[in-house]
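**Q** Supplied structure: model-v2.cif, mmCIF, C-alpha atoms.
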data_upload
loop_
_atom_site.label_atom_id
_atom_site.label_comp_id
_atom_site.auth_asym_id
_atom_site.auth_seq_id
_atom_site.Cartn_x
_atom_site.Cartn_y
_atom_site.Cartn_z
CA MET F 938 -78.64 11.64 -66.39
CA HIS F 939 -76.50 10.75 -63.41
CA LEU F 940 -74.67 12.88 -60.92
CA ALA F 941 -71.90 13.75 -63.40
CA VAL F 942 -74.24 16.35 -64.86
CA TYR F 943 -73.75 18.48 -61.75
CA LEU F 944 -69.94 18.35 -61.95
CA PRO F 945 -69.60 21.38 -64.29
CA LEU F 946 -71.55 23.38 -61.71
CA VAL F 947 -69.07 22.47 -58.93
CA VAL F 948 -65.73 22.70 -60.76
CA PRO F 949 -65.89 26.55 -60.95
CA LEU F 950 -65.76 26.52 -57.12
CA LEU F 951 -62.42 24.70 -57.28
CA ALA F 952 -61.25 27.08 -60.00
CA ALA F 953 -62.17 30.02 -57.76
CA VAL F 954 -60.01 28.64 -54.96
CA ALA F 955 -57.12 27.70 -57.27
CA ALA F 956 -57.04 30.93 -59.32
CA GLY F 957 -55.03 33.02 -56.82
CA PRO F 958 -52.29 30.43 -56.18
CA LEU F 959 -52.05 29.62 -59.91
CA ALA F 960 -51.68 33.32 -60.75
CA ALA F 961 -48.90 33.63 -58.18
CA ARG F 962 -46.96 30.48 -59.10
CA LEU F 963 -47.20 30.04 -62.88
CA PRO F 964 -45.28 32.19 -65.37
CA PRO F 965 -47.69 35.04 -66.18
CA VAL F 966 -48.15 34.26 -69.90
CA ALA F 967 -49.09 30.64 -69.16
CA ALA F 968 -51.22 31.70 -66.18
CA THR F 969 -53.15 34.23 -68.26
CA TRP F 970 -53.91 31.80 -71.07
CA LEU F 971 -54.79 29.03 -68.65
CA LEU F 972 -57.11 31.19 -66.53
CA VAL F 973 -58.86 32.86 -69.47
CA LEU F 974 -59.41 29.63 -71.43
CA SER F 975 -60.48 27.78 -68.27
CA ALA F 976 -62.93 30.52 -67.33
CA LEU F 977 -64.39 30.42 -70.83
CA ALA F 978 -64.64 26.61 -70.91
CA LEU F 979 -66.07 26.37 -67.39
CA ALA F 980 -68.66 29.08 -68.07
CA LEU F 981 -69.71 27.33 -71.30
CA ALA F 982 -69.89 23.91 -69.58
CA SER F 983 -71.95 25.17 -66.65
CA SER F 984 -74.31 27.06 -68.96
CA ALA F 985 -74.68 23.98 -71.16
CA VAL F 986 -75.55 21.85 -68.14
CA LEU F 987 -78.14 24.38 -66.99
CA GLY F 988 -79.61 24.26 -70.49
CA LEU F 989 -79.75 20.44 -70.47
CA LEU F 990 -81.43 20.38 -67.06
CA ALA F 991 -83.96 22.97 -68.20
CA LEU F 992 -84.62 20.86 -71.27
CA THR F 993 -85.61 17.89 -69.09
CA ALA F 994 -88.40 20.03 -67.62
CA LEU F 995 -89.47 21.12 -71.06
CA VAL F 996 -89.86 17.59 -72.45
CA ARG F 997 -92.23 16.71 -69.60
CA ILE F 998 -94.80 19.14 -70.89
CA PRO F 999 -97.31 17.01 -72.87
CA LEU F 1000 -97.66 19.65 -75.58
CA VAL F 1001 -93.88 19.69 -76.18
CA ASP F 1002 -93.92 15.87 -76.30
CA SER F 1003 -96.62 15.77 -78.93
CA LEU F 1004 -94.94 18.48 -80.98
CA GLY F 1005 -91.59 16.72 -80.78
CA GLU F 1006 -93.19 13.31 -81.29
CA LEU F 1007 -91.79 12.06 -77.97
CA SER F 1008 -93.24 9.46 -75.67
CA GLY F 1009 -94.12 11.11 -72.34
CA PRO F 1010 -94.25 7.85 -70.32
CA VAL F 1011 -90.73 6.87 -71.43
CA ILE F 1012 -89.35 10.25 -70.32
CA SER F 1013 -91.03 10.29 -66.89
CA GLN F 1014 -90.06 6.64 -66.37
CA HIS F 1015 -86.39 7.51 -66.82
CA ASP F 1016 -86.77 10.59 -64.63
CA PRO F 1017 -83.76 12.56 -65.93
CA ALA F 1018 -83.89 15.25 -63.22
CA SER F 1019 -86.50 16.33 -60.70
CA VAL F 1020 -88.85 19.02 -61.94
CA PRO F 1021 -87.94 21.69 -59.32
CA VAL F 1022 -84.23 21.23 -60.13
CA ALA F 1023 -84.94 21.54 -63.83
CA ILE F 1024 -87.03 24.67 -63.35
CA ALA F 1025 -84.36 26.25 -61.11
CA ALA F 1026 -81.78 25.45 -63.78
CA GLY F 1027 -83.95 27.14 -66.39
CA ALA F 1028 -84.27 30.27 -64.24
CA LEU F 1029 -80.50 30.34 -63.62
CA LEU F 1030 -79.82 29.96 -67.33
CA ALA F 1031 -82.17 32.84 -68.14
CA ALA F 1032 -80.41 35.03 -65.54
CA THR F 1033 -77.04 33.98 -66.97
CA VAL F 1034 -78.03 34.97 -70.50
CA ILE F 1035 -79.38 38.33 -69.37
CA VAL F 1036 -76.40 39.24 -67.17
CA ALA F 1037 -73.82 38.06 -69.72
CA GLY F 1038 -75.61 39.98 -72.46
CA LEU F 1039 -75.64 43.10 -70.33
CA VAL F 1040 -71.96 42.78 -69.45
CA LEU F 1041 -71.04 42.13 -73.08
CA TRP F 1042 -72.96 45.20 -74.23
CA ARG F 1043 -71.49 47.46 -71.55
CA ARG F 1044 -67.95 46.26 -72.16
CA ALA F 1045 -68.33 46.67 -75.90
CA ALA F 1046 -69.66 50.22 -75.36
CA ALA F 1047 -66.75 51.05 -73.04
CA LEU F 1048 -64.22 49.63 -75.51
CA ALA F 1049 -65.81 51.58 -78.35
CA ALA F 1050 -65.67 54.78 -76.27
CA ALA F 1051 -62.04 54.10 -75.42
CA GLY F 1052 -61.31 53.44 -79.09
CA ARG F 1053 -62.86 56.78 -80.09
CA GLU F 1054 -60.84 58.46 -77.36
CA ALA F 1055 -57.65 56.73 -78.54
CA ARG F 1056 -58.25 58.03 -82.07
CA GLY F 1057 -59.02 61.52 -80.76
CA LEU F 1058 -55.76 61.86 -78.84
CA ARG F 1059 -53.17 64.30 -80.09
CA GLY F 1060 -50.63 63.24 -82.70
CA SER F 1061 -50.34 59.91 -84.39
CA GLY F 1062 -47.65 58.24 -82.27
CA GLN F 1063 -48.40 55.38 -79.94
CA VAL F 1064 -47.40 57.30 -76.84
CA VAL F 1065 -49.24 60.44 -75.76
CA ILE F 1066 -47.82 62.61 -72.99
CA VAL F 1067 -50.47 64.70 -71.28
CA ASP F 1068 -49.58 67.77 -69.26
CA ASP F 1069 -51.08 66.62 -65.97
CA GLU F 1070 -49.38 66.92 -62.58
CA SER F 1071 -50.86 63.71 -61.16
CA ALA F 1072 -48.79 60.59 -61.82
CA ASP F 1073 -50.72 58.19 -64.02
CA ALA F 1074 -50.07 55.92 -66.99
CA TYR F 1075 -52.33 53.54 -68.84
CA THR F 1076 -53.01 51.84 -72.15
CA LEU F 1077 -56.19 52.94 -73.87
CA PRO F 1078 -57.54 50.01 -75.91
CA GLY F 1079 -58.28 50.76 -79.55
CA MET F 1080 -57.14 50.21 -83.12
CA PRO F 1081 -54.33 50.85 -82.46
CA CYS F 1082 -53.99 51.04 -78.67
CA ARG F 1083 -52.60 54.34 -77.36
CA ILE F 1084 -50.38 54.73 -74.33
CA VAL F 1085 -51.19 57.72 -72.13
CA ILE F 1086 -48.55 58.97 -69.69
CA THR F 1087 -48.88 62.09 -67.57
CA ALA F 1088 -46.06 64.58 -67.14
CA GLY F 1089 -46.33 63.92 -63.39
CA MET F 1090 -45.53 60.25 -63.93
CA LEU F 1091 -42.53 61.05 -66.15
CA ARG F 1092 -41.17 63.38 -63.49
CA ALA F 1093 -41.55 60.71 -60.79
CA LEU F 1094 -39.33 58.22 -62.66
CA SER F 1095 -35.68 58.14 -63.63
CA PRO F 1096 -34.88 57.80 -67.37
CA ALA F 1097 -34.17 54.09 -66.95
CA GLU F 1098 -37.41 53.61 -65.04
CA ARG F 1099 -39.31 55.35 -67.85
CA GLU F 1100 -38.02 52.65 -70.21
CA VAL F 1101 -39.62 50.06 -67.91
CA LEU F 1102 -42.91 51.96 -67.94
CA LEU F 1103 -42.90 52.19 -71.75
CA ALA F 1104 -42.00 48.52 -72.20
CA HIS F 1105 -44.75 47.55 -69.74
CA GLU F 1106 -47.45 49.56 -71.51
CA ARG F 1107 -46.24 48.45 -74.96
CA ALA F 1108 -46.64 44.83 -73.81
CA HIS F 1109 -50.27 45.59 -72.82
CA ALA F 1110 -50.91 47.18 -76.20
CA SER F 1111 -49.20 44.61 -78.42
CA SER F 1112 -50.54 41.53 -76.59
CA LEU F 1113 -54.13 42.90 -76.59
CA HIS F 1114 -54.51 42.39 -72.85
CA TYR F 1115 -57.86 44.14 -72.82
CA LEU F 1116 -59.33 41.20 -74.74
CA PHE F 1117 -58.10 38.71 -72.11
CA THR F 1118 -59.65 40.69 -69.26
CA ALA F 1119 -62.88 41.20 -71.23
CA ILE F 1120 -63.29 37.47 -71.93
CA ALA F 1121 -62.60 36.56 -68.30
CA ARG F 1122 -65.10 39.19 -67.13
CA LEU F 1123 -67.72 37.81 -69.52
CA ALA F 1124 -67.18 34.28 -68.20
CA ALA F 1125 -67.59 35.59 -64.65
CA ALA F 1126 -70.83 37.26 -65.68
CA ALA F 1127 -72.12 33.93 -66.99
CA ASN F 1128 -71.03 32.12 -63.83
CA PRO F 1129 -70.43 34.34 -60.76
CA LEU F 1130 -68.37 31.57 -59.13
CA LEU F 1131 -65.67 32.48 -61.67
CA TRP F 1132 -65.22 36.01 -60.27
CA PRO F 1133 -61.92 35.17 -58.52
CA VAL F 1134 -60.63 33.77 -61.83
CA ALA F 1135 -61.49 37.01 -63.63
CA SER F 1136 -59.76 39.15 -61.02
CA ALA F 1137 -56.72 36.83 -61.11
CA VAL F 1138 -56.52 37.52 -64.87
CA GLY F 1139 -56.40 41.26 -64.08
CA TYR F 1140 -53.30 40.50 -62.01
CA THR F 1141 -51.62 38.09 -64.44
CA VAL F 1142 -51.79 40.53 -67.39
CA GLU F 1143 -49.99 43.08 -65.21
CA ARG F 1144 -47.39 40.45 -64.32
CA TRP F 1145 -47.12 39.54 -68.02
CA ALA F 1146 -46.32 43.17 -68.88
CA ASP F 1147 -43.95 43.42 -65.88
CA GLU F 1148 -41.96 40.36 -66.97
CA ARG F 1149 -41.85 41.67 -70.55
CA ALA F 1150 -40.53 45.02 -69.29
CA ALA F 1151 -37.91 43.22 -67.19
CA ALA F 1152 -36.86 41.20 -70.25
CA VAL F 1153 -36.69 44.28 -72.50
CA THR F 1154 -34.61 46.30 -70.05
CA GLY F 1155 -32.68 43.25 -68.89
CA ASP F 1156 -32.88 44.33 -65.25
CA ARG F 1157 -35.44 42.83 -62.88
CA ASP F 1158 -34.44 45.06 -59.97
CA LEU F 1159 -34.85 48.16 -62.13
CA ALA F 1160 -38.32 46.99 -63.20
CA ALA F 1161 -39.29 46.39 -59.57
CA ARG F 1162 -38.06 49.84 -58.54
CA ALA F 1163 -39.90 51.51 -61.43
CA ILE F 1164 -43.21 49.96 -60.39
CA ALA F 1165 -42.70 50.79 -56.72
CA HIS F 1166 -41.73 54.40 -57.46
CA ALA F 1167 -44.64 54.87 -59.87
CA ALA F 1168 -47.09 53.44 -57.36
CA LEU F 1169 -45.79 55.64 -54.56
CA ALA F 1170 -45.89 58.71 -56.82
CA SER F 1171 -49.47 58.09 -57.92
CA SER F 1172 -50.69 57.41 -54.40
CA ALA F 1173 -48.85 60.43 -53.03
CA ALA F 1174 -50.99 62.78 -55.10
CA PRO F 1175 -54.13 62.37 -53.00
CA ALA F 1176 -53.95 63.20 -49.27
CA ARG F 1177 -51.22 61.22 -47.62
CA ARG F 1178 -52.53 58.36 -45.57
CA THR F 1179 -51.56 57.94 -41.97
CA VAL F 1180 -49.26 55.10 -41.04
CA THR F 1181 -51.26 52.02 -40.14
CA ALA F 1182 -51.11 50.16 -36.85
CA ALA F 1183 -49.36 47.23 -38.54
CA ALA F 1184 -46.66 49.58 -39.81
CA VAL F 1185 -46.07 51.00 -36.34
CA LEU F 1186 -45.83 47.57 -34.78
CA GLY F 1187 -43.53 46.42 -37.57
CA ALA F 1188 -43.24 43.09 -35.80
CA VAL F 1189 -44.94 41.08 -38.51
CA SER F 1190 -42.44 39.50 -40.84
CA LEU F 1191 -42.33 40.54 -44.50
CA PRO F 1192 -43.36 37.20 -46.03
CA ARG F 1193 -46.37 36.93 -43.74
CA ARG F 1194 -47.48 40.46 -44.55
CA MET F 1195 -46.96 39.78 -48.24
CA ARG F 1196 -49.87 37.37 -48.21
CA ARG F 1197 -52.29 40.16 -47.36
CA ALA F 1198 -50.58 42.74 -49.57
CA GLY F 1199 -52.26 44.41 -52.55
CA PRO F 1200 -51.34 43.67 -56.19
CA VAL F 1201 -48.55 46.27 -56.50
CA PRO F 1202 -46.33 44.98 -53.65
CA ARG F 1203 -46.89 41.43 -54.91
CA ARG F 1204 -45.76 42.47 -58.40
CA VAL F 1205 -42.67 44.15 -56.99
CA ALA F 1206 -41.87 41.11 -54.85
CA ALA F 1207 -42.26 38.83 -57.88
CA LEU F 1208 -39.76 40.91 -59.85
CA LEU F 1209 -37.32 40.90 -56.95
CA SER F 1210 -37.42 37.08 -57.00
CA PRO F 1211 -36.12 34.96 -59.88
CA PRO F 1212 -38.51 34.57 -62.86
CA PRO F 1213 -41.17 31.90 -62.20
CA ARG F 1214 -40.45 28.53 -63.76
CA PRO F 1215 -43.07 26.64 -65.75
CA GLN F 1216 -44.75 24.11 -63.45
CA LEU F 1217 -46.01 21.41 -65.77
CA LEU F 1218 -47.65 19.35 -63.02
CA LEU F 1219 -49.71 22.29 -61.80
CA LEU F 1220 -50.61 23.20 -65.36
CA ALA F 1221 -51.63 19.62 -66.19
CA ALA F 1222 -53.80 19.37 -63.05
CA ALA F 1223 -55.64 22.56 -63.96
CA VAL F 1224 -56.17 21.50 -67.57
CA MET F 1225 -57.43 18.12 -66.36
CA LEU F 1226 -60.00 19.74 -64.08
CA VAL F 1227 -61.36 21.81 -66.95
CA ALA F 1228 -61.40 18.76 -69.23
CA VAL F 1229 -63.40 16.77 -66.65
CA SER F 1230 -65.93 19.57 -66.52
CA GLY F 1231 -66.25 19.72 -70.30
CA LEU F 1232 -66.48 15.95 -70.66
CA SER F 1233 -69.22 15.62 -68.07
CA ALA F 1234 -71.24 18.30 -69.85
CA LEU F 1235 -70.80 16.34 -73.10
CA GLU F 1236 -71.72 13.12 -71.33
CA ALA F 1237 -74.89 14.71 -69.96
CA ALA F 1238 -75.80 15.95 -73.42
CA ARG F 1239 -75.29 12.45 -74.83
CA ASP F 1240 -77.46 10.93 -72.07
CA LEU F 1241 -80.30 13.30 -72.79
CA HIS F 1242 -79.94 12.74 -76.52
CA ALA F 1243 -80.13 8.97 -76.04
CA LEU F 1244 -83.22 9.32 -73.84
CA LEU F 1245 -84.94 11.49 -76.42
CA ASP F 1246 -84.08 8.95 -79.12
CA VAL F 1247 -85.77 6.18 -77.11
CA ALA F 1248 -88.76 8.42 -76.41
CA ARG F 1249 -89.06 9.21 -80.10
CA ALA F 1250 -88.92 5.51 -81.05
CA LYS F 1251 -91.67 4.63 -78.57
CA TYR F 1252 -93.96 7.48 -79.64
CA MET Q 495 -92.35 73.41 -79.26
CA ARG Q 496 -91.49 73.63 -75.61
CA GLN Q 497 -91.58 77.01 -73.93
CA GLU Q 498 -88.16 78.39 -73.28
CA ARG Q 499 -87.59 79.25 -69.68
CA ALA Q 500 -86.03 82.59 -68.95
CA HIS Q 501 -84.29 81.72 -65.71
CA SER Q 502 -81.66 79.05 -65.51
CA GLY Q 503 -81.27 78.46 -61.77
CA ASP Q 504 -83.46 75.38 -61.42
CA ASP Q 505 -82.01 73.74 -64.53
CA ALA Q 506 -78.47 74.06 -63.34
CA GLY Q 507 -79.44 72.90 -59.87
CA ARG Q 508 -80.85 69.62 -61.11
CA ARG Q 509 -77.58 68.39 -62.52
CA ALA Q 510 -74.16 69.08 -61.12
CA SER Q 511 -72.43 71.77 -63.16
CA GLY Q 512 -69.46 69.48 -63.85
CA GLU Q 513 -71.78 66.92 -65.36
CA LEU Q 514 -73.33 69.56 -67.62
CA GLU Q 515 -69.91 70.81 -68.66
CA SER Q 516 -68.79 67.37 -69.70
CA ALA Q 517 -72.07 66.79 -71.56
CA VAL Q 518 -71.61 70.06 -73.47
CA LEU Q 519 -67.98 69.20 -74.15
CA ALA Q 520 -69.00 65.75 -75.42
CA VAL Q 521 -71.52 67.35 -77.80
CA LEU Q 522 -68.85 69.69 -79.20
CA GLN Q 523 -66.31 66.87 -79.48
CA ALA Q 524 -68.77 64.71 -81.37
CA ALA Q 525 -69.88 67.52 -83.69
CA GLY Q 526 -66.48 67.98 -85.31
CA SER Q 527 -67.39 71.54 -86.33
CA PRO Q 528 -68.07 74.70 -84.30
CA LEU Q 529 -71.61 74.98 -82.91
CA SER Q 530 -73.76 77.89 -81.79
CA PRO Q 531 -75.33 77.76 -78.30
CA GLY Q 532 -78.70 76.98 -79.92
CA GLU Q 533 -77.24 73.98 -81.77
CA VAL Q 534 -75.56 72.74 -78.60
CA ARG Q 535 -78.86 73.07 -76.74
CA LEU Q 536 -80.69 71.08 -79.45
CA ARG Q 537 -78.10 68.28 -79.44
CA LEU Q 538 -78.06 68.03 -75.66
CA GLY Q 539 -81.68 66.93 -75.87
CA ASP Q 540 -82.44 68.13 -72.33
CA ASP Q 541 -84.84 71.02 -71.97
CA LEU Q 542 -82.12 73.33 -70.73
CA ALA Q 543 -82.66 77.07 -70.88
CA TYR Q 544 -80.71 78.84 -73.62
CA THR Q 545 -79.06 81.02 -70.98
CA THR Q 546 -77.82 77.92 -69.12
CA VAL Q 547 -76.11 76.66 -72.25
CA VAL Q 548 -74.51 80.04 -72.85
CA THR Q 549 -73.34 80.12 -69.22
CA ILE Q 550 -71.72 76.70 -69.50
CA LEU Q 551 -70.10 77.56 -72.83
CA SER Q 552 -68.57 80.75 -71.44
CA ARG Q 553 -67.47 78.94 -68.28
CA LEU Q 554 -65.69 76.30 -70.41
CA ARG Q 555 -64.19 79.08 -72.51
CA GLY Q 556 -62.95 80.71 -69.30
CA LYS Q 557 -61.24 77.44 -68.40
CA GLY Q 558 -59.46 77.47 -71.76
CA VAL Q 559 -61.22 74.36 -72.97
CA LEU Q 560 -63.27 76.04 -75.72
CA ASP Q 561 -62.52 78.54 -78.48
CA ARG Q 562 -65.13 81.08 -79.62
CA ARG Q 563 -65.43 82.91 -82.92
CA LYS Q 564 -68.01 85.07 -84.63
CA ASP Q 565 -70.07 83.36 -87.31
CA GLY Q 566 -72.53 85.79 -88.89
CA ARG Q 567 -74.46 87.31 -86.01
CA ALA Q 568 -73.89 84.56 -83.45
CA PHE Q 569 -70.86 83.13 -81.69
CA VAL Q 570 -69.87 79.54 -82.43
CA TYR Q 571 -67.83 77.37 -80.03
CA ALA Q 572 -65.34 74.57 -80.67
CA PRO Q 573 -62.97 72.60 -78.43
CA VAL Q 574 -59.43 73.94 -78.27
CA ALA Q 575 -57.67 71.31 -80.33
CA ASP Q 576 -54.05 71.18 -79.44
CA GLU Q 577 -53.69 72.67 -76.02
CA PRO Q 578 -51.58 70.30 -73.94
CA GLY Q 579 -53.49 68.96 -70.99
CA LEU Q 580 -56.83 69.24 -72.70
CA ALA Q 581 -56.71 65.60 -73.72
CA ALA Q 582 -56.35 64.61 -70.08
CA ARG Q 583 -59.09 66.94 -68.91
CA ARG Q 584 -61.43 65.84 -71.68
CA MET Q 585 -60.76 62.19 -71.03
CA SER Q 586 -61.43 62.39 -67.34
CA GLN Q 587 -64.57 64.45 -67.88
CA VAL Q 588 -66.16 62.55 -70.71
CA LEU Q 589 -64.97 59.04 -70.09
CA ASP Q 590 -65.56 59.03 -66.34
CA ALA Q 591 -69.26 58.73 -67.09
CA GLU Q 592 -68.56 55.37 -68.75
CA PRO Q 593 -69.24 52.66 -66.12
CA ASP Q 594 -66.70 50.20 -67.48
CA ARG Q 595 -63.97 52.74 -68.14
CA GLU Q 596 -61.66 51.62 -65.38
CA ALA Q 597 -62.07 48.03 -66.49
CA VAL Q 598 -60.93 48.61 -70.06
CA LEU Q 599 -57.83 50.55 -69.08
CA THR Q 600 -54.70 48.69 -68.10
CA ARG Q 601 -53.05 50.97 -65.57
CA PHE Q 602 -49.35 50.84 -64.84
CA VAL Q 603 -50.04 50.88 -61.10
CA SER Q 604 -53.31 50.46 -59.25
CA GLY Q 605 -54.18 52.08 -55.94
CA LEU Q 606 -52.22 51.40 -52.78
CA SER Q 607 -53.50 50.87 -49.29
CA GLY Q 608 -51.62 52.56 -46.45
CA GLU Q 609 -50.04 49.26 -45.60
CA ASP Q 610 -49.05 48.59 -49.22
CA GLU Q 611 -47.34 51.96 -49.30
CA GLU Q 612 -45.32 51.20 -46.20
CA LEU Q 613 -44.45 47.76 -47.56
CA LEU Q 614 -43.18 49.27 -50.83
CA ARG Q 615 -41.01 51.82 -49.02
CA ARG Q 616 -39.50 49.00 -47.03
CA MET Q 617 -38.84 46.98 -50.20
CA LEU Q 618 -37.15 50.00 -51.76
CA GLY Q 619 -34.97 50.21 -48.70
CA GLU Q 620 -36.31 53.62 -47.74
CA GLY Q 621 -37.33 52.40 -44.31
CA GLY Q 622 -40.58 53.71 -42.91
CA GLY Q 623 -41.23 51.19 -40.13
#
Any chance you could put this one into structure tokens?
**A**
Amino acid sequence: MHLAVYLPLVVPLLAAVAAGPLAARLPPVAATWLLVLSALALALASSAVLGLLALTALVRIPLVDSLGELSGPVISQHDPASVPVAIAAGALLAATVIVAGLVLWRRAAALAAAGREARGLRGSGQVVIVDDESADAYTLPGMPCRIVITAGMLRALSPAEREVLLAHERAHASSLHYLFTAIARLAAAANPLLWPVASAVGYTVERWADERAAAVTGDRDLAARAIAHAALASSAAPARRTVTAAAVLGAVSLPRRMRRAGPVPRRVAALLSPPPRPQLLLLAAAVMLVAVSGLSALEAARDLHALLDVARAKY
Amino acid sequence: MRQERAHSGDDAGRRASGELESAVLAVLQAAGSPLSPGEVRLRLGDDLAYTTVVTILSRLRGKGVLDRRKDGRAFVYAPVADEPGLAARRMSQVLDAEPDREAVLTRFVSGLSGEDEELLRRMLGEGGG
């Protein structure tokens, strides 16, 4: 096995760096699909490579060789990977399996609890209004998803802005966004380098629902205002925060401050700008990177397979 | 059989009362039919004193979350089904214990930092600088 085997372990680093800019520049539907599928493919490729490396340690054990009818001298002569590297890979793979299993189980339990809660909500309509003064609104995943809106949130918005809120939450429910975020989170559990990709997916599904709401209402400015008003209303409920030093100075320009802004101001700014255009070059570059990672994992598997074939023939 | 303790102070002290309330509420929600304090105590699984369970049940009843009716010689308790606001209260009490709850919800708006808030006001043209 040559150096290409380590490529799938490095590519997630690039993905981590690229995730934020991709989420900001690509249209949200394309960005979500790209990030989720990439995270899944990269996590699978890096886990596969860890497995292959661990296997090279395994086939050096004489007992395994005799059981598998493999020639030990042939294997050590070709020296597929150093023993410490192989053992480290095995340990990493074991940790990966345990953490991913744990995350999968916890997420499944949380989704099941949410599903029970969604069924237990009053009425049978999709939207449930709860008599709560705090401003909050969310989609509860389930079969079907339910949309929970507090009376406080309804009061904070104008009738037109409520349409935006409803269209936004309906987009979450109908496009099963909770599955996208769950898959990205699982990939990040398998490979912690993919964490930034998973959190970028959390942002792109919000942008997806924002763009859908803007399309349904036909008014991007209205959608931007609805989000800003809702965010201010829900953050006004807890104790009001003091004005920060940056706000007092006010000297920093808006675009520069935007870079450090949280997700809500970035969503509002995106709606106040024209809809993002598909950027095929960027998309192709990202797909290529993932393909390279997958191909090198396949190549490594083929190498090992060929070596084992030779070792079997010489047994 | 475990000995039933007469006093409830140390039981209640071990777990925050809010936590006990949501546990009791979860038991009643899951049961689907009214339960007596003894049945609630059994299903909770903890070795809580009978009096503690009764205290929690009456406290929840005082908050308007539970209904009580006479069944034979004992009282049985059930969640108030259709009171508006209960769904919200129940959700925040029962589901908050779920570690991944926030992650499975897709919120319309997430939290704002002080600076985000100021930025939004400026974008809305409300000033604030």
**Q** One decimal, in Å: what's the spacing between CA of Ala955 (chain F) and CA of Pro1213 (chain F)?
**A** 17.2 Å
**Q** Let me make sure I understand: among Q:Thr545, Q:Ser530, Q:Gln523, Q:Ser552, which one has the smallest atom-to-atom distance to chain F if we use only C-alpha atoms?
**A**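 Checking each candidate against chain F, we get Q:Gln523 as the closest.
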**Q** What is the distance, in Å and to one decimal place, between CA of Tyr1115 (chain F) and CA of Gly1139 (chain F)?
**A** 9.3 Å
**Q** Could you list the residues in chain F lying within 8 Å of chain Q, using only C-alpha atoms, and format the result as a PyMOL selection string?
**A** chain F and resi 1043-1044+1047-1048+1050-1051+1054+1058-1059+1067-1069+1073-1078+1102+1105-1106+1109+1114-1115+1119+1143+1162+1164-1165+1167-1169+1171-1172+1178-1181+1183-1187+1198-1202
**Q** Let's have the selection written as a CSV table (one decimal), in the frame of the given file, with C-alpha atoms.
**A**
chain,number,residue,atom,x,y,z
F,1043,ARG,CA,-71.5,47.5,-71.6
F,1044,ARG,CA,-68.0,46.3,-72.2
F,1047,ALA,CA,-66.8,51.0,-73.0
F,1048,LEU,CA,-64.2,49.6,-75.5
F,1050,ALA,CA,-65.7,54.8,-76.3
F,1051,ALA,CA,-62.0,54.1,-75.4
F,1054,GLU,CA,-60.8,58.5,-77.4
F,1058,LEU,CA,-55.8,61.9,-78.8
F,1059,ARG,CA,-53.2,64.3,-80.1
F,1067,VAL,CA,-50.5,64.7,-71.3
F,1068,ASP,CA,-49.6,67.8,-69.3
F,1069,ASP,CA,-51.1,66.6,-66.0
F,1073,ASP,CA,-50.7,58.2,-64.0
F,1074,ALA,CA,-50.1,55.9,-67.0
F,1075,TYR,CA,-52.3,53.5,-68.8
F,1076,THR,CA,-53.0,51.8,-72.2
F,1077,LEU,CA,-56.2,52.9,-73.9
F,1078,PRO,CA,-57.5,50.0,-75.9
F,1102,LEU,CA,-42.9,52.0,-67.9
F,1105,HIS,CA,-44.8,47.6,-69.7
F,1106,GLU,CA,-47.4,49.6,-71.5
F,1109,HIS,CA,-50.3,45.6,-72.8
F,1114,HIS,CA,-54.5,42.4,-72.8
F,1115,TYR,CA,-57.9,44.1,-72.8
F,1119,ALA,CA,-62.9,41.2,-71.2
F,1143,GLU,CA,-50.0,43.1,-65.2
F,1162,ARG,CA,-38.1,49.8,-58.5
F,1164,ILE,CA,-43.2,50.0,-60.4
F,1165,ALA,CA,-42.7,50.8,-56.7
F,1167,ALA,CA,-44.6,54.9,-59.9
F,1168,ALA,CA,-47.1,53.4,-57.4
F,1169,LEU,CA,-45.8,55.6,-54.6
F,1171,SER,CA,-49.5,58.1,-57.9
F,1172,SER,CA,-50.7,57.4,-54.4
F,1178,ARG,CA,-52.5,58.4,-45.6
F,1179,THR,CA,-51.6,57.9,-42.0
F,1180,VAL,CA,-49.3,55.1,-41.0
F,1181,THR,CA,-51.3,52.0,-40.1
F,1183,ALA,CA,-49.4,47.2,-38.5
F,1184,ALA,CA,-46.7,49.6,-39.8
F,1185,VAL,CA,-46.1,51.0,-36.3
F,1186,LEU,CA,-45.8,47.6,-34.8
F,1187,GLY,CA,-43.5,46.4,-37.6
F,1198,ALA,CA,-50.6,42.7,-49.6
F,1199,GLY,CA,-52.3,44.4,-52.6
F,1200,PRO,CA,-51.3,43.7,-56.2
F,1201,VAL,CA,-48.6,46.3,-56.5
F,1202,PRO,CA,-46.3,45.0,-53.6
**Q** Please write as a list in words the full residue list that the PyMOL selection byres ((chain Q and resi 571) around 8) yields on this file.
**A**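 For this structure, the PyMOL selection byres ((chain Q and resi 571) around 8) captures Leu522, Pro528, Leu529, Ser530, Pro531, Leu551, Leu560, Asp561, Arg562, Arg563, Phe569, Val570, Ala572 and Pro573 of chain Q.
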**Q** Between CA of Ala1088 (chain F) and CA of Glu1100 (chain F), what distance in Å does the model show, to one decimal?
**A**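 Computing it gives 14.7 Å between the two atoms.
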**Q** Around (-72.4, 63.8, -77.4), as given in the file, which residues come within 12 Å? Count only C-alpha atoms and list them as a list in words.
**A** Ala1050 of chain F; Leu514, Glu515, Ser516, Ala517, Val518, Leu519, Ala520, Val521, Leu522, Gln523, Ala524, Ala525, Gly526, Val534, Arg535, Leu536, Arg537, Leu538, Gly539, Val588, Leu589 and Ala591 of chain Q
**Q** What do you get, as number ranges by chain, if you spell out every residue that the PyMOL selection byres ((chain F and resi 1239-1247) around 12) selects here?
**A** F: 938-942, 986, 988-997, 1002, 1005-1018, 1232-1238, 1248-1252
